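Q: Contents of entry.cif (mmCIF, C-alpha atoms) are below:
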```
data_input
#
loop_
_atom_site.label_atom_id
_atom_site.label_comp_id
_atom_site.auth_asym_id
_atom_site.auth_seq_id
_atom_site.Cartn_x
_atom_site.Cartn_y
_atom_site.Cartn_z
CA PHE R 1 49.06 -79.66 42.31
CA VAL R 2 48.51 -79.01 46.01
CA SER R 3 51.65 -79.14 48.09
CA SER R 4 51.39 -80.81 51.47
CA ARG R 5 52.96 -79.59 54.70
CA ARG R 6 53.64 -80.87 58.20
CA TRP R 7 50.51 -81.62 60.21
CA LEU R 8 49.25 -78.85 62.44
CA ASN R 9 49.52 -79.86 66.08
CA LEU R 10 47.90 -77.76 68.78
CA GLN R 11 48.62 -77.65 72.49
CA GLU R 12 45.82 -78.91 74.77
CA TYR R 13 44.86 -75.41 75.95
CA GLN R 14 44.58 -74.21 72.33
CA SER R 15 42.19 -77.04 71.42
CA LYS R 16 40.15 -76.33 74.56
CA LYS R 17 39.94 -72.63 73.65
CA LEU R 18 38.60 -73.49 70.17
CA MET R 19 36.01 -75.75 71.83
CA GLN R 20 35.01 -73.02 74.29
CA GLU R 21 34.48 -70.61 71.40
CA SER R 22 32.00 -73.08 69.86
CA GLY R 23 30.02 -73.40 73.10
CA VAL R 24 31.42 -76.82 73.98
CA THR R 25 31.61 -77.41 77.76
CA VAL R 26 35.18 -77.77 79.01
CA GLN R 27 36.78 -77.33 82.43
CA ARG R 28 37.42 -73.72 83.44
CA PHE R 29 41.11 -73.00 82.87
CA TYR R 30 43.85 -70.40 82.56
CA VAL R 31 47.33 -70.61 81.01
CA ALA R 32 50.52 -69.18 82.46
CA ASP R 33 54.15 -68.88 81.37
CA ASN R 34 55.54 -68.03 84.82
CA ALA R 35 55.01 -69.29 88.38
CA PRO R 36 53.43 -66.08 89.88
CA ASP R 37 50.80 -66.03 87.10
CA ALA R 38 50.08 -69.75 87.65
CA LEU R 39 49.56 -69.06 91.37
CA GLN R 40 47.21 -66.16 90.65
CA ALA R 41 45.27 -68.31 88.16
CA ALA R 42 44.83 -71.04 90.79
CA LYS R 43 43.45 -68.52 93.30
CA ARG R 44 41.17 -66.94 90.68
CA LEU R 45 39.64 -70.31 89.75
CA GLY R 46 38.27 -70.73 93.28
CA ALA R 47 37.89 -74.45 92.58
CA LYS R 48 37.64 -77.29 95.12
CA GLU R 49 40.48 -79.04 93.33
CA ILE R 50 42.98 -77.80 90.73
CA VAL R 51 44.84 -79.68 88.02
CA LEU R 52 48.14 -78.28 86.76
CA LYS R 53 49.27 -79.58 83.36
CA ALA R 54 52.54 -79.01 81.51
CA GLN R 55 51.79 -78.05 77.90
CA ILE R 56 53.88 -80.01 75.39
CA LEU R 57 52.94 -81.81 72.16
CA ALA R 58 53.45 -85.33 73.54
CA GLY R 59 51.38 -87.97 75.27
CA GLY R 60 52.16 -89.67 78.58
CA ARG R 61 52.70 -86.37 80.42
CA GLY R 62 51.29 -87.68 83.70
CA LYS R 63 54.04 -90.32 83.92
CA GLY R 64 56.80 -88.03 82.62
CA VAL R 65 59.81 -86.73 84.56
CA PHE R 66 61.31 -83.21 84.61
CA ASP R 67 65.03 -82.50 84.68
CA SER R 68 64.23 -80.37 87.75
CA GLY R 69 63.57 -83.67 89.55
CA LEU R 70 59.79 -83.21 89.62
CA LYS R 71 57.90 -86.38 88.71
CA GLY R 72 54.77 -86.06 86.56
CA GLY R 73 53.68 -83.36 84.12
CA VAL R 74 50.13 -83.43 85.57
CA HIS R 75 49.47 -82.60 89.24
CA LEU R 76 46.26 -82.47 91.27
CA THR R 77 45.94 -80.35 94.41
CA LYS R 78 43.26 -78.93 96.69
CA ASP R 79 45.66 -76.21 97.89
CA PRO R 80 46.04 -73.32 95.38
CA SER R 81 49.13 -72.01 97.19
CA VAL R 82 51.30 -74.97 96.03
CA VAL R 83 50.53 -74.33 92.33
CA GLY R 84 53.20 -71.60 92.09
CA GLU R 85 55.84 -73.90 93.57
CA LEU R 86 54.88 -76.77 91.22
CA ALA R 87 54.84 -74.44 88.18
CA ASN R 88 58.30 -73.22 89.20
CA ARG R 89 59.62 -76.79 88.83
CA MET R 90 57.89 -77.24 85.45
CA LEU R 91 58.42 -74.00 83.54
CA GLY R 92 61.77 -73.70 81.81
CA TYR R 93 62.57 -77.36 82.50
CA SER R 94 62.50 -80.31 80.09
CA LEU R 95 59.82 -82.97 80.49
CA THR R 96 60.63 -86.46 79.23
CA THR R 97 57.79 -88.87 78.42
CA LYS R 98 57.48 -92.06 76.36
CA GLN R 99 56.67 -89.87 73.32
CA THR R 100 59.41 -87.21 73.59
CA PRO R 101 63.04 -87.35 72.42
CA LYS R 102 65.32 -88.74 75.15
CA GLU R 103 66.43 -85.22 76.15
CA GLY R 104 62.76 -84.27 76.68
CA VAL R 105 60.90 -81.10 75.64
CA LYS R 106 61.22 -77.74 77.39
CA VAL R 107 57.96 -76.61 79.03
CA LYS R 108 57.10 -72.97 78.28
CA MET R 109 53.45 -72.96 79.31
CA VAL R 110 51.26 -74.58 81.95
CA MET R 111 47.49 -74.95 82.08
CA VAL R 112 45.81 -74.32 85.44
CA ALA R 113 42.33 -75.87 85.34
CA GLU R 114 39.43 -76.75 87.57
CA ALA R 115 39.58 -80.47 88.39
CA LEU R 116 36.18 -82.11 88.04
CA ASP R 117 35.12 -85.53 89.24
CA ILE R 118 33.99 -87.90 86.50
CA THR R 119 31.28 -90.41 87.38
CA ARG R 120 31.25 -91.94 83.88
CA GLU R 121 33.53 -91.77 80.84
CA THR R 122 32.41 -92.15 77.21
CA TYR R 123 34.18 -91.85 73.86
CA PHE R 124 32.98 -89.60 71.03
CA ALA R 125 34.52 -88.56 67.73
CA ILE R 126 33.60 -86.98 64.41
CA LEU R 127 35.85 -87.89 61.52
CA MET R 128 36.02 -87.96 57.76
CA ASP R 129 35.28 -91.42 56.39
CA ARG R 130 36.18 -92.26 52.80
CA ALA R 131 33.68 -95.14 52.69
CA CYS R 132 30.81 -92.75 53.51
CA ASN R 133 32.13 -89.84 51.40
CA GLY R 134 31.85 -87.50 54.36
CA PRO R 135 31.78 -87.10 58.13
CA VAL R 136 30.77 -89.85 60.53
CA MET R 137 30.07 -89.78 64.26
CA VAL R 138 31.61 -92.62 66.26
CA GLY R 139 30.81 -93.20 69.92
CA SER R 140 31.16 -95.75 72.69
CA PRO R 141 29.97 -95.91 76.31
CA GLN R 142 33.46 -97.33 77.05
CA GLY R 143 35.47 -94.10 77.22
CA GLY R 144 38.75 -93.09 78.80
CA MET R 145 40.59 -96.03 77.25
CA ASP R 146 42.11 -97.11 73.95
CA ILE R 147 39.21 -97.09 71.46
CA GLU R 148 41.01 -99.59 69.18
CA GLU R 149 40.96 -102.08 72.05
CA VAL R 150 37.20 -101.53 72.56
CA ALA R 151 36.58 -102.04 68.82
CA ASP R 152 38.62 -105.23 68.88
CA LYS R 153 37.23 -106.84 72.05
CA THR R 154 33.66 -105.49 72.20
CA PRO R 155 32.69 -104.22 68.69
CA GLU R 156 29.00 -104.14 69.75
CA LEU R 157 29.91 -101.15 71.98
CA ILE R 158 30.95 -99.01 68.99
CA PHE R 159 28.13 -96.92 67.49
CA LYS R 160 28.23 -95.00 64.20
CA GLU R 161 26.04 -92.36 62.60
CA VAL R 162 26.69 -91.14 59.05
CA ILE R 163 26.24 -87.35 58.79
CA ASP R 164 24.63 -85.86 55.69
CA ILE R 165 27.04 -83.03 54.78
CA PHE R 166 24.16 -80.86 53.48
CA GLU R 167 21.83 -81.49 56.41
CA GLY R 168 24.30 -81.66 59.30
CA VAL R 169 23.66 -83.57 62.54
CA ARG R 170 19.89 -84.10 62.95
CA ASP R 171 18.26 -83.95 66.39
CA ASP R 172 17.23 -87.61 66.25
CA GLN R 173 20.83 -88.63 65.38
CA ALA R 174 22.33 -86.60 68.23
CA LEU R 175 19.79 -87.99 70.73
CA ARG R 176 20.29 -91.56 69.51
CA MET R 177 24.09 -91.22 69.88
CA ALA R 178 23.65 -89.68 73.37
CA ALA R 179 21.45 -92.63 74.38
CA ASN R 180 23.95 -95.12 72.91
CA LEU R 181 26.66 -93.44 74.99
CA GLY R 182 24.55 -94.21 78.06
CA PHE R 183 23.39 -90.69 78.97
CA LYS R 184 20.00 -90.80 80.71
CA GLY R 185 17.22 -88.37 81.62
CA PRO R 186 18.12 -84.65 81.21
CA LEU R 187 21.76 -85.65 80.53
CA GLU R 188 20.68 -87.21 77.22
CA ARG R 189 19.49 -83.86 75.85
CA GLN R 190 22.60 -82.12 77.25
CA ALA R 191 24.93 -84.68 75.58
CA ALA R 192 23.01 -84.33 72.28
CA ASP R 193 23.54 -80.55 72.47
CA GLN R 194 27.30 -81.05 73.04
CA ILE R 195 27.43 -83.44 70.06
CA LYS R 196 25.83 -80.81 67.80
CA ARG R 197 28.21 -78.12 69.06
CA LEU R 198 31.20 -80.40 68.41
CA TYR R 199 29.97 -80.85 64.83
CA ASP R 200 29.72 -77.06 64.46
CA LEU R 201 33.35 -76.83 65.61
CA PHE R 202 34.33 -79.63 63.18
CA LEU R 203 32.92 -77.59 60.27
CA LYS R 204 34.07 -74.19 61.49
CA VAL R 205 37.77 -75.08 61.74
CA ASP R 206 37.92 -77.43 58.71
CA ALA R 207 38.77 -80.41 60.91
CA THR R 208 39.33 -83.91 59.60
CA GLN R 209 38.79 -85.29 63.12
CA VAL R 210 37.53 -84.11 66.50
CA GLU R 211 38.08 -86.84 69.09
CA VAL R 212 36.86 -86.44 72.68
CA ASN R 213 38.10 -89.07 75.12
CA PRO R 214 36.57 -88.87 77.61
CA LEU R 215 33.27 -87.12 77.06
CA GLY R 216 32.37 -87.39 80.74
CA GLU R 217 29.52 -87.04 83.17
CA THR R 218 30.11 -85.25 86.50
CA PRO R 219 28.38 -85.92 89.87
CA GLU R 220 26.76 -82.47 89.50
CA GLY R 221 24.98 -83.63 86.33
CA GLN R 222 27.13 -81.91 83.71
CA VAL R 223 28.36 -83.32 80.40
CA VAL R 224 31.97 -82.15 79.92
CA CYS R 225 34.58 -82.65 77.18
CA PHE R 226 37.63 -83.52 79.29
CA ASP R 227 40.21 -84.10 76.59
CA ALA R 228 40.17 -83.50 72.86
CA LYS R 229 42.38 -84.13 69.86
CA ILE R 230 41.62 -82.04 66.78
CA ASN R 231 43.16 -82.83 63.39
CA PHE R 232 42.95 -80.20 60.68
CA ASP R 233 42.79 -80.28 56.90
CA ASP R 234 46.12 -78.70 55.93
CA ASN R 235 44.72 -77.73 52.52
CA ALA R 236 42.30 -75.38 54.32
CA GLU R 237 45.16 -73.27 55.71
CA PHE R 238 44.29 -70.42 53.33
CA ARG R 239 40.93 -69.90 55.09
CA GLN R 240 41.99 -70.94 58.62
CA LYS R 241 44.80 -68.40 59.07
CA ALA R 242 43.96 -67.75 62.75
CA VAL R 243 44.01 -71.46 63.61
CA PHE R 244 47.25 -72.18 61.72
CA ALA R 245 48.89 -69.14 63.34
CA LEU R 246 48.64 -71.10 66.63
CA ASP R 247 51.10 -73.68 65.31
CA ASP R 248 53.94 -74.03 67.80
CA MET R 249 57.05 -74.76 65.74
CA SER R 250 59.38 -74.57 68.74
CA GLU R 251 58.97 -78.28 69.50
CA SER R 252 59.73 -79.35 65.93
CA ASP R 253 63.09 -80.47 64.65
CA PRO R 254 64.67 -77.21 63.22
CA THR R 255 65.66 -79.01 59.99
CA GLU R 256 62.09 -80.32 59.54
CA THR R 257 60.75 -76.80 60.12
CA GLU R 258 63.17 -75.28 57.61
CA ALA R 259 62.32 -78.03 55.08
CA ALA R 260 58.57 -77.36 55.51
CA LYS R 261 59.14 -73.71 54.45
CA TRP R 262 60.15 -75.03 51.01
CA ASP R 263 57.43 -77.70 50.84
CA LEU R 264 59.98 -80.42 51.48
CA LYS R 265 59.31 -83.32 53.84
CA TYR R 266 62.37 -84.17 55.92
CA ILE R 267 62.85 -86.95 58.47
CA GLY R 268 66.23 -87.25 60.18
CA LEU R 269 67.74 -90.73 60.68
CA ASP R 270 71.04 -91.79 62.27
CA GLY R 271 73.10 -92.95 59.25
CA ASN R 272 75.52 -91.13 56.91
CA ILE R 273 73.98 -91.39 53.39
CA ALA R 274 71.51 -88.60 52.63
CA CYS R 275 68.51 -89.69 50.52
CA PHE R 276 67.04 -87.07 48.22
CA VAL R 277 63.91 -88.42 46.48
CA ASN R 278 60.43 -87.58 45.20
CA GLY R 279 57.63 -89.49 46.88
CA ALA R 280 57.43 -91.17 50.29
CA GLY R 281 57.24 -94.69 48.83
CA LEU R 282 60.40 -94.12 46.79
CA ALA R 283 62.06 -92.63 49.89
CA MET R 284 61.37 -95.76 51.93
CA ALA R 285 62.53 -98.03 49.08
CA THR R 286 65.75 -95.97 48.82
CA CYS R 287 66.41 -96.23 52.56
CA ASP R 288 65.79 -100.00 52.42
CA ILE R 289 68.12 -100.64 49.48
CA ILE R 290 70.92 -98.56 51.04
CA ASP R 291 70.54 -100.68 54.17
CA LEU R 292 70.50 -103.87 52.07
CA HIS R 293 73.91 -102.97 50.59
CA GLY R 294 75.48 -102.25 53.98
CA GLY R 295 74.88 -98.50 54.21
CA LYS R 296 72.86 -96.42 56.65
CA PRO R 297 70.46 -93.64 55.56
CA ALA R 298 71.04 -90.26 57.25
CA ASN R 299 67.55 -89.00 56.46
CA PHE R 300 64.83 -89.09 53.95
CA LEU R 301 64.05 -85.88 52.15
CA ASP R 302 60.99 -85.94 49.90
CA LEU R 303 60.65 -83.33 47.16
CA GLY R 304 57.04 -84.16 46.31
CA GLY R 305 55.65 -83.28 42.88
CA GLY R 306 55.64 -79.52 42.17
CA VAL R 307 59.40 -79.10 42.07
CA LYS R 308 61.27 -75.86 41.35
CA GLU R 309 65.02 -75.35 41.00
CA LYS R 310 65.06 -73.25 44.18
CA GLN R 311 63.64 -76.19 46.18
CA VAL R 312 66.41 -78.47 44.92
CA TYR R 313 68.99 -75.87 45.97
CA GLU R 314 67.43 -75.49 49.46
CA ALA R 315 67.26 -79.27 49.83
CA PHE R 316 71.00 -79.57 49.14
CA LYS R 317 71.65 -76.76 51.62
CA LEU R 318 69.81 -78.74 54.33
CA LEU R 319 71.60 -81.99 53.49
CA THR R 320 75.11 -80.50 53.39
CA ALA R 321 74.54 -78.69 56.72
CA ASP R 322 74.24 -82.08 58.45
CA PRO R 323 77.73 -83.10 59.69
CA LYS R 324 76.70 -86.80 59.68
CA VAL R 325 76.22 -86.80 55.88
CA GLU R 326 79.19 -88.40 54.09
CA ALA R 327 77.47 -89.03 50.73
CA ILE R 328 74.28 -87.93 48.96
CA LEU R 329 72.10 -90.23 46.87
CA VAL R 330 69.62 -88.52 44.56
CA ASN R 331 66.89 -90.88 43.35
CA ILE R 332 64.25 -89.15 41.22
CA PHE R 333 61.53 -90.79 39.17
CA GLY R 334 60.15 -88.03 36.93
CA GLY R 335 56.43 -88.48 36.36
CA ILE R 336 55.00 -85.03 37.08
CA VAL R 337 58.56 -83.96 37.91
CA ASN R 338 60.75 -82.73 35.06
CA CYS R 339 64.20 -84.33 35.44
CA ALA R 340 65.88 -81.36 33.73
CA ILE R 341 64.68 -79.02 36.51
CA ILE R 342 66.24 -81.40 39.05
CA ALA R 343 69.50 -81.55 37.06
CA ASN R 344 69.74 -77.74 36.86
CA GLY R 345 69.04 -77.44 40.58
CA ILE R 346 71.70 -80.07 41.38
CA THR R 347 74.44 -78.42 39.30
CA LYS R 348 73.63 -74.95 40.72
CA ALA R 349 73.71 -76.29 44.29
CA CYS R 350 76.98 -78.20 43.73
CA ARG R 351 78.72 -75.08 42.43
CA GLU R 352 77.37 -72.54 44.92
CA LEU R 353 77.63 -74.77 48.01
CA GLU R 354 81.02 -76.19 46.93
CA LEU R 355 79.84 -79.72 47.65
CA LYS R 356 82.50 -81.69 49.54
CA VAL R 357 80.83 -85.13 49.76
CA PRO R 358 80.35 -87.74 46.97
CA LEU R 359 77.11 -87.33 45.01
CA VAL R 360 75.39 -90.26 43.27
CA VAL R 361 72.46 -89.44 40.96
CA ARG R 362 69.84 -91.74 39.48
CA LEU R 363 67.24 -90.00 37.29
CA GLU R 364 64.45 -91.66 35.32
CA GLY R 365 61.35 -90.41 33.55
CA THR R 366 60.25 -87.08 32.01
CA ASN R 367 63.00 -85.28 30.05
CA VAL R 368 65.66 -87.64 31.45
CA GLN R 369 67.97 -87.44 28.40
CA GLU R 370 68.21 -83.65 28.69
CA ALA R 371 68.83 -84.02 32.45
CA LYS R 372 71.64 -86.53 31.88
CA ARG R 373 73.21 -84.17 29.32
CA ILE R 374 73.13 -81.27 31.84
CA LEU R 375 74.84 -83.40 34.48
CA SER R 376 77.48 -84.92 32.18
CA GLU R 377 78.42 -81.53 30.66
CA SER R 378 78.57 -79.78 34.04
CA GLY R 379 82.17 -80.85 34.68
CA LEU R 380 81.17 -81.67 38.27
CA PRO R 381 82.23 -84.91 40.03
CA ILE R 382 78.74 -86.42 39.89
CA VAL R 383 78.48 -90.23 39.80
CA ALA R 384 75.69 -91.35 37.46
CA ALA R 385 73.73 -94.52 38.30
CA ASN R 386 71.71 -96.74 35.95
CA ASP R 387 69.07 -97.84 38.43
CA LEU R 388 68.25 -97.74 42.16
CA GLU R 389 70.39 -100.75 43.06
CA ASP R 390 73.35 -99.38 41.14
CA ALA R 391 72.88 -96.00 42.92
CA ALA R 392 72.80 -97.61 46.39
CA LYS R 393 75.93 -99.70 45.70
CA LYS R 394 77.81 -96.64 44.40
CA ALA R 395 76.78 -94.47 47.40
CA VAL R 396 77.90 -97.14 49.89
CA ALA R 397 81.18 -97.69 47.92
CA ALA R 398 81.86 -93.90 47.86
CA ILE R 399 81.89 -93.83 51.68
CA ALA R 400 84.03 -96.99 51.92
CA LYS R 401 86.69 -95.32 49.74
CA LYS R 402 87.03 -92.33 52.06
#
```
Could you quickly redo this structure as structure tokens?
A:
Amino acid sequence: FVSSRRWLNLQEYQSKKLMQESGVTVQRFYVADNAPDALQAAKRLGAKEIVLKAQILAGGRGKGVFDSGLKGGVHLTKDPSVVGELANRMLGYSLTTKQTPKEGVKVKMVMVAEALDITRETYFAILMDRACNGPVMVGSPQGGMDIEEVADKTPELIFKEVIDIFEGVRDDQALRMAANLGFKGPLERQAADQIKRLYDLFLKVDATQVEVNPLGETPEGQVVCFDAKINFDDNAEFRQKAVFALDDMSESDPTETEAAKWDLKYIGLDGNIACFVNGAGLAMATCDIIDLHGGKPANFLDLGGGVKEKQVYEAFKLLTADPKVEAILVNIFGGIVNCAIIANGITKACRELELKVPLVVRLEGTNVQEAKRILSESGLPIVAANDLEDAAKKAVAAIAKK
């Protein structure tokens, strides 16, 4: 059994650094965590125009607003001397965009980069495709916009090349994709070279997707990767220690981060009944049936398959630490999970954490009779439920009684 974890999410400058290391052409850039360093970086670039970007793990930065009053998390300037002043109004302040929580995300780092003109924007990606049993290149001459929209309205402008995992990207494939993207003359060979380097990066970091939007052409005749999104195979963490060490947990919900340490998947909601389940599908069904019977889920916490007593204990610790939680509903279907392990974990947690809220438990599956015996002989005020509907009704009723 391979346990899953939260997806690795890198800041823009980290992705660009990985690309640089694989010989992919990106804008020249520096990063800074204070205004004087940002100013020095701007001067050192010696560029005609500079772009200053707040580094947070959320889209829509350009249209975001800082609580310092500054509008926009992305600023262009031809005057390096204003970069320090702009950075001063970004660093240490929260930036709110359409993808952040309403209180925004505190900016701890800015990227100071050379701004390049783009004469033409294309889209290019390498991703794992189940239908092809391996990686596929996808490209379109219509870059810089939503690729789903291009696929929907003009599917003839989407080009695909299946990559042989043993052979890699062949020269003829890279050149054909470059031509399909609309690169002409010497730019075609240059784009083909960038495509091959992006595939090398894809393999080197165990990516599941490398998406470049836009892969652009400059007036000076350069092919540049202007923006990239890299998704990683979390099961390759054991051999990608340096990449996974870049993971910035500071923007994550602290409860989600703590849950991930124990291989638990936690998503906070705004209700008062905690849902403790195994499997995402069961979690959603549990949330739905609580809602159906007039309750509101406070979270969903998914145990997954390889459960140990310690995980159950840590899960209860997380749930009881939430002041919104007024009842806990445990809904476990034991396939690869042994219900007795869950029952032992529950009784241990109830005793040690001196559980103060009503607890409703529905167990079904492997070793369920032994599990029910453990719970009934524990002497703890645990409400047993016959099925999921019964469990939801009892959890909602337990709160109504209070």
Q: For Gly221 in chain R, please output as a PyMOL selection string all residues within 9 Å (counting all atoms listed in the file; exclusion window: fewer than 2 positions along the same chain).
A: chain R and resi 186-187+217-219+223
Q: Give me, as CSV, each residue of range 246-359 of chain R that comes within 10 Å of range 384-395 of chain R, together with its shortest interatomic pair and the distance in Å at one decimal, counting only C-alpha atoms, with rows ordered by chain and rising residue number.
A:
```
residue,atom,partner,partner_atom,distance
R:Ile273,CA,R:Ala395,CA,7.3
R:Ala274,CA,R:Ala395,CA,9.5
R:Cys275,CA,R:Ala392,CA,9.9
R:Leu282,CA,R:Leu388,CA,9.8
R:Ala285,CA,R:Leu388,CA,9.0
R:Thr286,CA,R:Leu388,CA,7.3
R:Cys287,CA,R:Ala392,CA,9.0
R:Asp288,CA,R:Ala392,CA,9.6
R:Ile289,CA,R:Ala392,CA,6.4
R:Ile290,CA,R:Ala392,CA,5.1
R:Asp291,CA,R:Ala392,CA,8.7
R:Leu292,CA,R:Ala392,CA,8.8
R:His293,CA,R:Lys393,CA,6.2
R:Gly294,CA,R:Lys393,CA,8.7
R:Gly295,CA,R:Ala395,CA,8.1
R:Glu326,CA,R:Ala395,CA,9.3
R:Ala327,CA,R:Ala395,CA,6.4
R:Ile328,CA,R:Ala395,CA,7.2
R:Leu329,CA,R:Ala395,CA,6.3
R:Val330,CA,R:Ala391,CA,8.3
R:Asn331,CA,R:Leu388,CA,7.1
R:Ile332,CA,R:Leu388,CA,9.5
R:Pro358,CA,R:Ala395,CA,7.6
R:Leu359,CA,R:Ala395,CA,7.5
```
Q: In Å to one decimal, how far is CA of Lys296 in chain R from CA of Val325 in chain R?
A: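 If I compute the distance from CA of Val325 in chain R to CA of Lys296 in chain R, I get 10.2 Å.
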Q: Could you check how far CA of Val26 in chain R sits from CA of Val112 in chain R, in Å to one decimal?
A: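 Value for the CA of Val26 in chain R-CA of Val112 in chain R distance: 12.9 Å.
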Q: Taking all atoms listed in the file into account, produce a table as JSON lines in which each residue of range 335-375 of chain R with an atom at most 9 Å from an atom of range 316-320 of chain R appears once, together with its shortest atom pair and the distance in Å to one decimal, ordered by chain and rising number.
A:
```
{"residue": "R:Ile346", "atom": "CA", "partner": "R:Phe316", "partner_atom": "CA", "distance": 7.8}
{"residue": "R:Ala349", "atom": "CA", "partner": "R:Phe316", "partner_atom": "CA", "distance": 6.5}
{"residue": "R:Cys350", "atom": "CA", "partner": "R:Phe316", "partner_atom": "CA", "distance": 8.2}
{"residue": "R:Leu353", "atom": "CA", "partner": "R:Lys317", "partner_atom": "CA", "distance": 7.3}
{"residue": "R:Leu355", "atom": "CA", "partner": "R:Thr320", "partner_atom": "CA", "distance": 7.5}
{"residue": "R:Lys356", "atom": "CA", "partner": "R:Thr320", "partner_atom": "CA", "distance": 8.4}
{"residue": "R:Val357", "atom": "CA", "partner": "R:Thr320", "partner_atom": "CA", "distance": 8.2}
```
Q: Report, in Å to a single decimal, how far apart CA of Leu215 in chain R and CA of Arg197 in chain R are.
A: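 Separation of CA of Arg197 in chain R and CA of Leu215 in chain R: 13.1 Å.
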Q: Return as an MDAnalysis selection string the set of residues that the PyMOL selection byres ((chain R and resi 84-98) around 8) yields on the displayed structure.
A: chainID R and resid 33:39 52 54 58:61 63:70 73 81:83 99:110
Q: Which is closer to Gly144 in chain R than all the others in R:Leu181, R:Leu203, R:Val212, R:Leu127, using only C-alpha atoms?
A: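 Checking each of R:Leu181, R:Leu203, R:Val212, R:Leu127 against Gly144 in chain R, counting only C-alpha atoms, the winner is R:Val212.
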Q: For a cut-off of 12 Å around (27.8, -95.6, 57.7), file coordinates, pick out all residues using all atoms listed in the file and list them as JSON, numbers by chain.
A: {"R": [127, 128, 129, 130, 131, 132, 133, 134, 135, 136, 137, 138, 159, 160, 161, 162, 163, 164]}
Q: Output the residue selection produced by the PyMOL selection byres ((chain R and resi 118) around 9) on the file above, formatted as a count of residues only.
A: 10
